[in-house]
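K.L.:
This one is target33.cif, mmCIF, C-alpha atoms (C1' of nucleotides).
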```
data_upload
loop_
_atom_site.label_atom_id
_atom_site.label_comp_id
_atom_site.auth_asym_id
_atom_site.auth_seq_id
_atom_site.Cartn_x
_atom_site.Cartn_y
_atom_site.Cartn_z
CA MET I 90 -67.61 -35.05 -23.09
CA ALA I 91 -67.30 -38.33 -24.87
CA ARG I 92 -64.42 -40.36 -26.23
CA ASP I 93 -62.08 -37.40 -26.54
CA THR I 94 -61.25 -37.25 -22.84
CA ARG I 95 -57.83 -38.69 -23.39
CA GLU I 96 -57.04 -36.09 -26.03
CA ARG I 97 -58.36 -33.33 -23.80
CA ILE I 98 -56.17 -34.40 -20.91
CA LEU I 99 -53.20 -34.58 -23.23
CA ALA I 100 -53.86 -31.15 -24.72
CA VAL I 101 -54.28 -29.55 -21.32
CA ALA I 102 -51.13 -31.22 -19.98
CA ARG I 103 -49.16 -29.96 -22.94
CA ASP I 104 -50.41 -26.42 -22.38
CA LEU I 105 -49.50 -26.50 -18.70
CA VAL I 106 -46.07 -27.99 -19.19
CA HIS I 107 -45.01 -25.16 -21.48
CA GLY I 108 -43.42 -22.34 -19.59
CA ALA I 109 -42.89 -24.69 -16.66
CA SER I 110 -41.28 -28.05 -16.20
CA LEU I 111 -43.22 -31.28 -15.93
CA ALA I 112 -42.31 -31.47 -12.27
CA GLU I 113 -43.95 -28.13 -11.61
CA VAL I 114 -47.31 -29.25 -12.95
CA SER I 115 -49.41 -31.50 -10.74
CA THR I 116 -51.86 -34.14 -11.88
CA GLU I 117 -54.49 -32.18 -10.03
CA ASP I 118 -53.69 -29.07 -12.03
CA VAL I 119 -54.16 -31.10 -15.16
CA CYS I 120 -57.45 -32.62 -14.00
CA ARG I 121 -58.87 -29.29 -12.90
CA ALA I 122 -57.98 -27.64 -16.20
CA ALA I 123 -59.38 -30.55 -18.19
CA GLY I 124 -62.60 -30.74 -16.15
CA VAL I 125 -61.91 -34.35 -15.31
CA HIS I 126 -61.39 -36.41 -12.18
CA LYS I 127 -58.23 -38.10 -11.05
CA GLY I 128 -59.62 -41.52 -11.77
CA SER I 129 -60.08 -40.63 -15.43
CA LEU I 130 -56.53 -39.46 -15.80
CA TYR I 131 -55.22 -42.66 -14.27
CA HIS I 132 -57.65 -44.65 -16.40
CA PHE I 133 -55.79 -43.47 -19.48
CA PHE I 134 -52.28 -43.02 -18.15
CA PRO I 135 -50.65 -45.47 -15.75
CA SER I 136 -48.51 -42.77 -14.09
CA LYS I 137 -47.53 -39.14 -14.25
CA GLU I 138 -44.30 -40.11 -15.96
CA ALA I 139 -46.33 -41.91 -18.62
CA LEU I 140 -48.37 -38.76 -19.09
CA GLY I 141 -45.13 -36.84 -19.57
CA GLY I 142 -44.03 -39.37 -22.14
CA ALA I 143 -47.35 -39.05 -23.97
CA VAL I 144 -47.00 -35.26 -24.02
CA LEU I 145 -43.51 -35.63 -25.48
CA GLU I 146 -44.84 -38.05 -28.09
CA HIS I 147 -47.66 -35.66 -28.91
CA ASN I 148 -45.28 -32.73 -29.29
CA TRP I 149 -43.12 -34.88 -31.50
CA ASP I 150 -46.11 -35.59 -33.75
CA MET I 151 -46.79 -31.88 -34.06
CA MET I 152 -43.17 -31.12 -34.72
CA ARG I 153 -43.00 -33.88 -37.30
CA ALA I 154 -45.94 -32.34 -39.12
CA VAL I 155 -44.06 -29.04 -39.27
CA LEU I 156 -40.92 -30.85 -40.37
CA GLU I 157 -42.70 -32.76 -43.12
CA GLU I 158 -44.16 -29.55 -44.46
CA SER I 159 -40.94 -27.54 -44.20
CA PHE I 160 -38.74 -30.22 -45.71
CA ALA I 161 -40.86 -30.77 -48.82
CA ASP I 162 -38.48 -30.88 -51.79
CA ASP I 163 -39.95 -28.02 -53.78
CA VAL I 164 -37.01 -25.83 -52.75
CA ALA I 165 -33.28 -26.31 -52.34
CA PRO I 166 -32.23 -28.43 -49.32
CA LEU I 167 -30.76 -25.59 -47.31
CA ASP I 168 -33.78 -23.43 -47.99
CA ARG I 169 -35.88 -26.15 -46.38
CA ILE I 170 -33.92 -25.70 -43.20
CA ASP I 171 -34.57 -21.95 -43.35
CA ARG I 172 -38.24 -22.64 -43.87
CA PHE I 173 -38.26 -24.87 -40.85
CA VAL I 174 -36.56 -22.27 -38.68
CA GLU I 175 -39.21 -19.77 -39.66
CA SER I 176 -42.03 -22.19 -38.88
CA PHE I 177 -40.39 -22.99 -35.59
CA VAL I 178 -40.24 -19.32 -34.65
CA ARG I 179 -43.88 -18.88 -35.67
CA MET I 180 -44.73 -21.78 -33.38
CA LEU I 181 -42.87 -20.25 -30.46
CA THR I 182 -44.51 -16.87 -31.09
CA LEU I 183 -47.96 -18.43 -31.11
CA MET I 184 -47.23 -20.18 -27.85
CA ARG I 185 -45.99 -16.97 -26.34
CA GLU I 186 -49.29 -15.33 -27.22
CA ARG I 187 -51.25 -18.23 -25.77
CA PHE I 188 -49.32 -18.66 -22.54
CA GLY I 189 -47.90 -15.23 -21.90
CA VAL I 190 -44.34 -16.50 -21.74
CA THR I 191 -41.91 -17.79 -24.32
CA PRO I 192 -41.66 -21.54 -23.86
CA GLY I 193 -38.46 -23.44 -24.39
CA CYS I 194 -38.25 -25.89 -27.25
CA PRO I 195 -41.29 -28.18 -26.82
CA LEU I 196 -39.14 -31.18 -27.58
CA GLY I 197 -35.69 -30.37 -26.24
CA THR I 198 -36.79 -29.06 -22.87
CA LEU I 199 -39.14 -31.93 -22.12
CA ALA I 200 -36.77 -34.50 -23.57
CA SER I 201 -33.91 -33.36 -21.38
CA GLU I 202 -36.17 -33.46 -18.34
CA VAL I 203 -37.56 -36.94 -18.84
CA ALA I 204 -34.16 -38.20 -19.97
CA ALA I 205 -32.85 -37.51 -16.48
CA HIS I 206 -35.22 -40.19 -15.15
CA GLY I 207 -33.37 -42.86 -17.10
CA GLY I 208 -34.87 -46.06 -18.45
CA GLU I 209 -37.52 -46.06 -21.16
CA ALA I 210 -37.97 -42.30 -20.84
CA ARG I 211 -34.35 -41.69 -21.79
CA ALA I 212 -34.72 -44.01 -24.75
CA GLN I 213 -37.80 -42.14 -25.89
CA ALA I 214 -36.01 -38.79 -25.58
CA GLY I 215 -33.14 -40.17 -27.64
CA ARG I 216 -35.52 -41.47 -30.29
CA VAL I 217 -37.24 -38.11 -30.62
CA LEU I 218 -34.04 -36.10 -30.87
CA SER I 219 -32.56 -38.55 -33.38
CA GLY I 220 -35.73 -38.44 -35.43
CA TRP I 221 -35.55 -34.68 -35.55
CA MET I 222 -31.88 -34.70 -36.47
CA GLY I 223 -32.70 -37.10 -39.30
CA TYR I 224 -34.49 -34.35 -41.20
CA PHE I 225 -31.46 -32.08 -40.96
CA SER I 226 -29.15 -34.89 -41.85
CA THR I 227 -30.92 -35.88 -45.07
CA ALA I 228 -31.22 -32.26 -46.19
CA ILE I 229 -27.51 -31.73 -45.60
CA SER I 230 -26.68 -34.92 -47.49
CA GLU I 231 -28.72 -33.74 -50.42
CA ALA I 232 -27.10 -30.31 -50.29
CA LYS I 233 -23.73 -32.06 -50.43
CA GLY I 234 -24.85 -33.94 -53.52
CA ARG I 235 -25.65 -30.63 -55.20
CA GLY I 236 -22.34 -29.11 -54.16
CA ASP I 237 -23.98 -26.53 -51.89
CA VAL I 238 -22.01 -27.88 -48.96
CA PRO I 239 -18.35 -28.98 -49.03
CA ALA I 240 -17.73 -32.70 -49.51
CA ASP I 241 -15.84 -33.12 -46.24
CA VAL I 242 -18.88 -32.22 -44.15
CA ASP I 243 -20.26 -35.21 -42.27
CA PRO I 244 -24.06 -34.91 -42.43
CA GLY I 245 -24.72 -36.65 -39.13
CA GLU I 246 -22.27 -34.56 -37.19
CA ALA I 247 -23.36 -31.40 -38.94
CA ALA I 248 -26.97 -32.18 -38.03
CA THR I 249 -25.94 -32.40 -34.39
CA ARG I 250 -24.39 -28.96 -34.62
CA VAL I 251 -27.47 -27.50 -36.25
CA LEU I 252 -29.81 -29.03 -33.69
CA ALA I 253 -27.61 -27.83 -30.84
CA LEU I 254 -27.65 -24.31 -32.19
CA MET I 255 -31.42 -24.28 -32.39
CA GLN I 256 -31.80 -25.70 -28.90
CA GLY I 257 -29.45 -23.12 -27.48
CA LEU I 258 -31.17 -20.26 -29.24
CA ALA I 259 -34.53 -21.54 -27.98
CA LEU I 260 -33.17 -21.58 -24.44
CA LEU I 261 -31.92 -18.01 -24.73
CA ALA I 262 -35.22 -17.02 -26.32
CA LYS I 263 -37.00 -18.38 -23.28
CA ALA I 264 -34.67 -16.64 -20.87
CA HIS I 265 -35.06 -13.33 -22.72
CA ASP I 266 -38.73 -13.90 -23.54
CA ASP I 267 -38.04 -13.18 -27.21
CA PRO I 268 -38.79 -15.92 -29.79
CA GLY I 269 -37.27 -13.83 -32.59
CA LEU I 270 -33.79 -14.64 -31.32
CA VAL I 271 -34.11 -18.05 -32.93
CA LEU I 272 -34.11 -16.47 -36.38
CA LEU I 273 -30.37 -15.97 -35.96
CA ALA I 274 -30.17 -19.68 -36.70
CA ARG I 275 -30.74 -19.17 -40.40
CA SER I 276 -27.50 -17.38 -41.17
CA ASP I 277 -25.60 -19.35 -38.52
CA ILE I 278 -26.48 -22.64 -40.11
CA ARG I 279 -25.04 -21.54 -43.48
CA LEU I 280 -21.84 -20.59 -41.72
CA LEU I 281 -21.73 -23.83 -39.78
CA LEU I 282 -22.09 -25.82 -43.00
CA ARG I 283 -19.67 -23.58 -44.93
CA ALA I 284 -22.46 -23.44 -47.48
CA SER I 285 -22.09 -21.77 -50.85
CA ARG I 286 -25.80 -20.93 -51.03
CA MET U 183 -20.53 -28.09 12.35
CA ALA U 184 -19.85 -24.46 12.87
CA ARG U 185 -20.19 -21.33 10.79
CA ASP U 186 -20.11 -23.17 7.47
CA THR U 187 -23.67 -24.45 7.60
CA ARG U 188 -24.84 -22.01 5.00
CA GLU U 189 -22.10 -23.08 2.62
CA ARG U 190 -22.88 -26.74 3.27
CA ILE U 191 -26.55 -26.24 2.48
CA LEU U 192 -25.60 -24.38 -0.65
CA ALA U 193 -23.12 -27.02 -1.77
CA VAL U 194 -25.58 -29.84 -1.19
CA ALA U 195 -28.36 -27.98 -2.97
CA ARG U 196 -26.09 -27.42 -5.94
CA ASP U 197 -25.19 -31.10 -6.07
CA LEU U 198 -28.82 -32.18 -5.94
CA VAL U 199 -30.04 -29.69 -8.51
CA HIS U 200 -27.60 -31.01 -11.12
CA GLY U 201 -29.10 -33.80 -13.14
CA ALA U 202 -32.54 -32.69 -11.99
CA SER U 203 -34.47 -29.46 -11.99
CA LEU U 204 -34.86 -27.28 -8.95
CA ALA U 205 -38.53 -28.24 -8.78
CA GLU U 206 -37.59 -31.90 -8.45
CA VAL U 207 -35.47 -31.32 -5.37
CA SER U 208 -37.30 -30.72 -2.11
CA THR U 209 -36.10 -28.65 0.80
CA GLU U 210 -36.29 -31.82 2.83
CA ASP U 211 -33.98 -33.58 0.40
CA VAL U 212 -31.53 -30.76 0.83
CA CYS U 213 -31.79 -30.78 4.62
CA ARG U 214 -31.39 -34.53 4.86
CA ALA U 215 -28.33 -34.49 2.61
CA ALA U 216 -26.80 -31.57 4.49
CA GLY U 217 -27.50 -33.09 7.91
CA VAL U 218 -29.43 -30.02 8.91
CA HIS U 219 -32.95 -29.24 10.03
CA LYS U 220 -35.57 -27.28 8.17
CA GLY U 221 -35.33 -24.36 10.54
CA SER U 222 -31.66 -23.91 9.71
CA LEU U 223 -32.31 -23.81 6.02
CA TYR U 224 -34.98 -21.17 6.49
CA HIS U 225 -32.72 -19.32 8.87
CA PHE U 226 -30.33 -18.67 6.00
CA PHE U 227 -32.70 -18.57 3.05
CA PRO U 228 -36.09 -16.86 3.14
CA SER U 229 -37.63 -19.27 0.61
CA LYS U 230 -36.88 -22.15 -1.69
CA GLU U 231 -36.79 -19.74 -4.60
CA ALA U 232 -34.16 -17.72 -2.78
CA LEU U 233 -32.16 -20.90 -2.30
CA GLY U 234 -32.40 -21.51 -6.03
CA GLY U 235 -31.20 -17.99 -6.65
CA ALA U 236 -28.27 -18.50 -4.29
CA VAL U 237 -27.32 -21.71 -6.08
CA LEU U 238 -27.39 -19.85 -9.38
CA GLU U 239 -25.24 -17.09 -7.91
CA HIS U 240 -22.83 -19.67 -6.53
CA ASN U 241 -22.57 -21.42 -9.88
CA TRP U 242 -21.98 -18.08 -11.50
CA ASP U 243 -19.10 -17.43 -9.13
CA MET U 244 -17.53 -20.76 -10.05
CA MET U 245 -18.07 -20.16 -13.74
CA ARG U 246 -16.62 -16.69 -13.46
CA ALA U 247 -13.48 -18.14 -11.92
CA VAL U 248 -13.13 -20.47 -14.89
CA LEU U 249 -13.84 -17.59 -17.25
CA GLU U 250 -11.24 -15.33 -15.64
CA GLU U 251 -8.65 -18.05 -15.94
CA SER U 252 -9.53 -19.03 -19.50
CA PHE U 253 -9.76 -15.49 -20.80
CA ALA U 254 -6.38 -14.38 -19.50
CA ASP U 255 -4.68 -12.48 -22.32
CA ASP U 256 -1.57 -14.63 -22.64
CA VAL U 257 -2.95 -16.14 -25.84
CA ALA U 258 -4.86 -14.86 -28.86
CA PRO U 259 -8.51 -13.88 -28.19
CA LEU U 260 -10.07 -16.76 -30.07
CA ASP U 261 -7.73 -19.22 -28.41
CA ARG U 262 -9.10 -18.02 -25.09
CA ILE U 263 -12.55 -19.13 -26.17
CA ASP U 264 -11.14 -22.54 -27.09
CA ARG U 265 -9.48 -22.73 -23.72
CA PHE U 266 -12.77 -21.95 -22.04
CA VAL U 267 -14.61 -24.62 -24.01
CA GLU U 268 -12.08 -27.16 -22.88
CA SER U 269 -12.36 -26.10 -19.25
CA PHE U 270 -16.12 -26.22 -19.55
CA VAL U 271 -16.01 -29.78 -20.84
CA ARG U 272 -13.62 -30.75 -18.07
CA MET U 273 -16.11 -29.32 -15.60
CA LEU U 274 -18.99 -31.31 -17.09
CA THR U 275 -16.90 -34.46 -17.11
CA LEU U 276 -16.01 -34.04 -13.45
CA MET U 277 -19.67 -33.56 -12.59
CA ARG U 278 -20.59 -36.64 -14.52
CA GLU U 279 -18.12 -38.65 -12.48
CA ARG U 280 -19.48 -37.19 -9.25
CA PHE U 281 -23.19 -37.55 -9.97
CA GLY U 282 -23.35 -40.45 -12.40
CA VAL U 283 -25.17 -38.39 -15.01
CA THR U 284 -24.12 -35.60 -17.30
CA PRO U 285 -25.64 -32.39 -15.98
CA GLY U 286 -26.89 -29.64 -18.21
CA CYS U 287 -25.10 -26.33 -18.19
CA PRO U 288 -24.97 -25.28 -14.52
CA LEU U 289 -25.92 -21.76 -15.47
CA GLY U 290 -28.17 -22.05 -18.50
CA THR U 291 -30.41 -24.79 -17.19
CA LEU U 292 -30.99 -23.18 -13.82
CA ALA U 293 -31.29 -19.71 -15.30
CA SER U 294 -33.98 -20.76 -17.71
CA GLU U 295 -35.88 -22.47 -14.91
CA VAL U 296 -35.86 -19.61 -12.46
CA ALA U 297 -36.47 -17.12 -15.26
CA ALA U 298 -39.88 -18.70 -15.82
CA HIS U 299 -40.89 -17.52 -12.33
CA GLY U 300 -40.57 -13.91 -13.44
CA GLY U 301 -39.69 -10.98 -11.20
CA GLU U 302 -36.31 -10.66 -9.53
CA ALA U 303 -35.41 -14.22 -10.51
CA ARG U 304 -35.73 -13.40 -14.20
CA ALA U 305 -33.59 -10.31 -13.73
CA GLN U 306 -30.93 -12.39 -12.01
CA ALA U 307 -30.97 -14.95 -14.81
CA GLY U 308 -30.58 -12.16 -17.32
CA ARG U 309 -27.68 -10.64 -15.40
CA VAL U 310 -25.84 -13.95 -15.25
CA LEU U 311 -26.26 -14.76 -18.92
CA SER U 312 -25.25 -11.23 -19.92
CA GLY U 313 -22.23 -11.41 -17.68
CA TRP U 314 -21.16 -14.62 -19.31
CA MET U 315 -21.71 -13.25 -22.78
CA GLY U 316 -19.56 -10.26 -21.88
CA TYR U 317 -16.46 -12.42 -21.82
CA PHE U 318 -17.18 -13.70 -25.31
CA SER U 319 -18.05 -10.25 -26.51
CA THR U 320 -14.79 -8.61 -25.39
CA ALA U 321 -12.71 -11.43 -26.81
CA ILE U 322 -14.48 -11.14 -30.14
CA SER U 323 -13.98 -7.36 -30.14
CA GLU U 324 -10.32 -7.83 -29.54
CA ALA U 325 -10.11 -10.46 -32.26
CA LYS U 326 -11.73 -7.97 -34.60
CA GLY U 327 -9.07 -5.40 -33.70
CA ARG U 328 -6.40 -7.87 -34.70
CA GLY U 329 -8.15 -8.73 -37.95
CA ASP U 330 -8.82 -12.32 -36.90
CA VAL U 331 -12.53 -11.71 -37.35
CA PRO U 332 -14.16 -9.72 -40.19
CA ALA U 333 -14.99 -6.10 -39.43
CA ASP U 334 -18.71 -6.49 -40.10
CA VAL U 335 -19.15 -8.93 -37.20
CA ASP U 336 -21.12 -7.39 -34.34
CA PRO U 337 -19.45 -8.62 -31.13
CA GLY U 338 -22.62 -8.55 -29.04
CA GLU U 339 -24.69 -10.49 -31.50
CA ALA U 340 -21.86 -12.90 -32.21
CA ALA U 341 -21.50 -13.55 -28.49
CA THR U 342 -25.19 -14.48 -28.37
CA ARG U 343 -24.64 -17.00 -31.12
CA VAL U 344 -21.63 -18.49 -29.40
CA LEU U 345 -23.44 -18.78 -26.08
CA ALA U 346 -26.47 -20.34 -27.75
CA LEU U 347 -24.29 -22.92 -29.42
CA MET U 348 -22.70 -23.90 -26.15
CA GLN U 349 -26.03 -24.10 -24.37
CA GLY U 350 -27.46 -26.28 -27.09
CA LEU U 351 -24.48 -28.60 -27.11
CA ALA U 352 -24.66 -28.87 -23.33
CA LEU U 353 -28.33 -29.83 -23.59
CA LEU U 354 -27.57 -32.52 -26.15
CA ALA U 355 -24.66 -33.68 -24.03
CA LYS U 356 -27.04 -34.14 -21.15
CA ALA U 357 -29.59 -35.99 -23.27
CA HIS U 358 -26.89 -38.29 -24.68
CA ASP U 359 -24.93 -38.45 -21.43
CA ASP U 360 -21.74 -37.48 -23.27
CA PRO U 361 -19.93 -34.27 -22.21
CA GLY U 362 -17.46 -34.62 -25.07
CA LEU U 363 -20.11 -33.43 -27.52
CA VAL U 364 -19.49 -29.90 -26.33
CA LEU U 365 -15.99 -29.95 -27.83
CA LEU U 366 -17.65 -29.54 -31.22
CA ALA U 367 -18.08 -25.92 -30.16
CA ARG U 368 -14.42 -25.10 -30.81
CA SER U 369 -14.50 -25.50 -34.56
CA ASP U 370 -18.08 -24.26 -34.79
CA ILE U 371 -17.24 -20.98 -33.14
CA ARG U 372 -14.53 -20.25 -35.71
CA LEU U 373 -17.02 -20.90 -38.46
CA LEU U 374 -19.67 -18.76 -36.80
CA LEU U 375 -17.23 -15.86 -36.54
CA ARG U 376 -15.82 -16.43 -40.03
CA ALA U 377 -12.48 -16.33 -38.29
CA SER U 378 -9.17 -16.39 -40.14
CA ARG U 379 -7.42 -18.12 -37.26
"C1'" DG F 122 -83.30 -55.19 -23.41
"C1'" DA F 123 -79.72 -57.53 -21.18
"C1'" DA F 124 -75.02 -58.55 -20.75
"C1'" DA F 125 -70.17 -56.74 -21.06
"C1'" DG F 126 -67.00 -53.60 -21.19
"C1'" DA F 127 -65.40 -48.94 -21.36
"C1'" DT F 128 -65.53 -44.73 -18.96
"C1'" DT F 129 -66.41 -41.62 -15.06
"C1'" DT F 130 -67.14 -40.37 -10.43
"C1'" DG F 131 -65.71 -38.72 -5.89
"C1'" DA F 132 -64.05 -39.80 -1.81
"C1'" DC F 133 -59.98 -41.58 0.02
"C1'" DT F 134 -54.78 -42.74 1.40
"C1'" DG F 135 -50.33 -42.00 3.10
"C1'" DA F 136 -46.54 -39.38 1.91
"C1'" DT F 137 -44.49 -35.23 1.12
"C1'" DC F 138 -44.51 -30.48 0.11
"C1'" DG F 139 -42.81 -25.46 1.53
"C1'" DG F 140 -42.84 -23.00 5.44
"C1'" DT F 141 -43.45 -21.63 10.65
"C1'" DC F 142 -42.50 -21.44 15.38
"C1'" DA F 143 -41.09 -21.25 20.20
"C1'" DA F 144 -37.68 -22.97 22.67
"C1'" DC F 145 -33.00 -24.28 23.13
"C1'" DT F 146 -27.73 -23.99 22.69
"C1'" DC F 147 -23.75 -21.97 21.33
"C1'" DT F 148 -20.70 -18.00 20.75
"C1'" DG F 149 -18.13 -13.57 21.21
"C1'" DG F 150 -17.97 -9.26 23.52
"C1'" DT F 151 -17.94 -6.62 27.72
"C1'" DA H 149 -20.31 -13.66 34.99
"C1'" DC H 150 -23.48 -11.96 32.01
"C1'" DC H 151 -25.81 -10.76 27.98
"C1'" DA H 152 -27.36 -10.48 23.18
"C1'" DG H 153 -27.76 -12.38 19.20
"C1'" DA H 154 -26.56 -15.94 15.85
"C1'" DG H 155 -27.44 -20.59 15.01
"C1'" DT H 156 -30.04 -24.88 15.82
"C1'" DT H 157 -33.60 -27.97 17.08
"C1'" DG H 158 -37.69 -30.74 16.32
"C1'" DA H 159 -42.33 -30.67 16.35
"C1'" DC H 160 -45.83 -28.84 13.80
"C1'" DC H 161 -49.12 -26.58 10.01
"C1'" DG H 162 -52.23 -26.64 6.13
"C1'" DA H 163 -51.80 -27.66 1.48
"C1'" DT H 164 -50.79 -30.51 -1.95
"C1'" DC H 165 -48.75 -34.47 -3.92
"C1'" DA H 166 -49.24 -39.04 -6.89
"C1'" DG H 167 -51.94 -42.68 -6.86
"C1'" DT H 168 -56.17 -46.03 -5.49
"C1'" DC H 169 -60.66 -47.94 -5.49
"C1'" DA H 170 -65.38 -49.54 -5.46
"C1'" DA H 171 -69.37 -48.08 -7.12
"C1'" DA H 172 -72.02 -45.63 -10.57
"C1'" DT H 173 -72.83 -44.53 -15.33
"C1'" DC H 174 -72.56 -44.58 -19.90
"C1'" DT H 175 -71.77 -47.40 -24.86
"C1'" DT H 176 -71.58 -51.07 -27.59
"C1'" DT H 177 -72.96 -55.35 -29.12
"C1'" DC H 178 -75.90 -59.07 -29.77
#
```
Kindly return the structure encoded in the file as structure tokens.

P.N.:
Amino acid sequence: MARDTRERILAVARDLVHGASLAEVSTEDVCRAAGVHKGSLYHFFPSKEALGGAVLEHNWDMMRAVLEESFADDVAPLDRIDRFVESFVRMLTLMRERFGVTPGCPLGTLASEVAAHGGEARAQAGRVLSGWMGYFSTAISEAKGRGDVPADVDPGEAATRVLALMQGLALLAKAHDDPGLVLLARSDIRLLLRASR
Amino acid sequence: MARDTRERILAVARDLVHGASLAEVSTEDVCRAAGVHKGSLYHFFPSKEALGGAVLEHNWDMMRAVLEESFADDVAPLDRIDRFVESFVRMLTLMRERFGVTPGCPLGTLASEVAAHGGEARAQAGRVLSGWMGYFSTAISEAKGRGDVPADVDPGEAATRVLALMQGLALLAKAHDDPGLVLLARSDIRLLLRASR
DNA sequence: GAAAGATTTGACTGATCGGTCAACTCTGGT
DNA sequence: ACCAGAGTTGACCGATCAGTCAAATCTTTC
């Protein structure tokens, strides 16, 4: 019960927000689950919205760790994307076991919720989604360089398509409570990129 | 101020839910905007969740009208899908003008929210999404019959992919406040189906 | 060990939440 | 003219909401 209170609040908030929206989780829920009083929460976070932003940032850190690992250049660029999809599905499956329901995409769902509030929150959501897309974009660029993807493919636009596909599959996975649906992304992405391998 | 109170409540609720989640809209918001008292709302709807369900059903009716129109068989099957995408984008654009923000997909977003509550709501969400997918599925089947789509394409699975893509693009459109993003779906769908035309 | 700051407590506020209720008005049918 | 039931009112409930605050308690530093 020492200096890690902030982290504990954050971790608990993240757990509660999955499977529900931020709006459905109250600060009191968070405090109760974290074994902490309201004052402590507001000592570390100026508002509930700020807490939501911190959760998004935290999820982004986790996702970035997965991205860094998946996009290591020991395999061909497009295989890195496959590897990421698989890690992503593993993540969703783990969450499903922990929370009993399939969550939506930990970034996309939250981002689209806070984005609706406008202002700094929208900017943050944009930053996160762009950051994510960056990984796809560079991999696609590199694949182009190797001739795995046709030269007329625009990496930025293609990355948008890939990200959209994954978001949509994650949404359907949530609605059907079946994380495995997202695995469809692997073959779809090759088709989307008109990839030769 | 006569028999149409129920419809007015429904219409107002639908307007308020766009650009926000159902959880973010209170029954009092709805009543205030509809010029109606709480008792009236609860005269027509047994609970807030039921109101959410009715909004979803209402949106599904609207979407089905668009689907029926777009999927009329006066053009080739895959062209019907294009036509639907365009109508869908027009719908999003209109909403953006009305509400000042780009809404998410009126079906997908709501469906995934109510689905998290489990029970009848989840079943309803499933019904709606399956119903939607049915239109894609039949069109793809027909395209297969004409040889526009390879024989090894499974229409049901392909419809899932197409729907996922649209949902994802709609989510990104909301985050970026740009409905036009969804138009990317037209070319993507051809690629996804390995279509010859 | 004392001063200084970071952290934690727990009671509190005013607003708002979803939902209820008994009483009232309006309406169509006979 | 009367009735029955649909629709409406507006006050109300207990719970919960996000957020506040002064006082108490730890930690750190010197």

K.L.:
Up to 10 Å from chain F, what residues of chain I turn up? Count all atoms listed in the file and give them as a ChimeraX atom specification.

P.N.:
/I:91-92,94,125-129,132-133

K.L.:
For those residues, write C-alpha atoms to a file as a PDB file, in the coordinates of the input.

P.N.:
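Generated output (selection14.pdb):
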```pdb
ATOM      1  CA  ALA I  91     -67.300 -38.330 -24.870  1.00  0.00           C
ATOM      2  CA  ARG I  92     -64.420 -40.360 -26.230  1.00  0.00           C
ATOM      3  CA  THR I  94     -61.250 -37.250 -22.840  1.00  0.00           C
ATOM      4  CA  VAL I 125     -61.910 -34.350 -15.310  1.00  0.00           C
ATOM      5  CA  HIS I 126     -61.390 -36.410 -12.180  1.00  0.00           C
ATOM      6  CA  LYS I 127     -58.230 -38.100 -11.050  1.00  0.00           C
ATOM      7  CA  GLY I 128     -59.620 -41.520 -11.770  1.00  0.00           C
ATOM      8  CA  SER I 129     -60.080 -40.630 -15.430  1.00  0.00           C
ATOM      9  CA  HIS I 132     -57.650 -44.650 -16.400  1.00  0.00           C
ATOM     10  CA  PHE I 133     -55.790 -43.470 -19.480  1.00  0.00           C
TER      11      PHE I 133
END
```

K.L.:
With only C-alpha atoms as the basis for distance, which of I:Pro135, I:Arg216, I:Val155, I:Ser110 is at the shortest distance from Ala297 in chain U?

P.N.:
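Looking at the shortest contact to Ala297 in chain U, the residue is I:Ser110.
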
K.L.:
Contacts of range 302-308 of chain U at 12 Å or less, counting only C-alpha atoms (C1' of nucleotides), minus same-chain residues fewer than 2 places along, as a PyMOL selection string?

P.N.:
(chain I and resi 190+260-266) or (chain U and resi 230-239+241-242+288-300+310-315)

K.L.:
Report as a count of residues only the set of chain U residues whose atoms approach chain I to within 6 Å, with distances computed over all atoms listed in the file.

P.N.:
10

K.L.:
What is the CA of Gly269 in chain I-CA of Ile170 in chain I distance in Å, reported with one decimal?

P.N.:
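Computing it gives 16.3 Å between the two atoms.
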
K.L.:
Within 10 Å of chain U, which residues of chain H show up when using all atoms listed in the file, listed as an mmCIF file with C-alpha atoms (C1' of nucleotides), in the coordinates of the input?

P.N.:
```cif
data_model
loop_
_atom_site.group_PDB
_atom_site.id
_atom_site.type_symbol
_atom_site.label_atom_id
_atom_site.label_comp_id
_atom_site.auth_asym_id
_atom_site.auth_seq_id
_atom_site.Cartn_x
_atom_site.Cartn_y
_atom_site.Cartn_z
ATOM 1 C "C1'" DA H 154 -26.560 -15.940 15.850
ATOM 2 C "C1'" DG H 155 -27.440 -20.590 15.010
ATOM 3 C "C1'" DT H 156 -30.040 -24.880 15.820
ATOM 4 C "C1'" DT H 157 -33.600 -27.970 17.080
ATOM 5 C "C1'" DG H 158 -37.690 -30.740 16.320
#
```

K.L.:
What is the CA of Arg246 in chain U to CA of Leu192 in chain U distance in Å?

P.N.:
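Computed distance, CA of Arg246 in chain U to CA of Leu192 in chain U, equals 17.4 Å.
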
K.L.:
Report the distance between CA of Ala247 in chain U and CA of Glu189 in chain U in Å, rounded to one decimal place.

P.N.:
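Interatomic distance, CA of Ala247 in chain U to CA of Glu189 in chain U: 17.6 Å.
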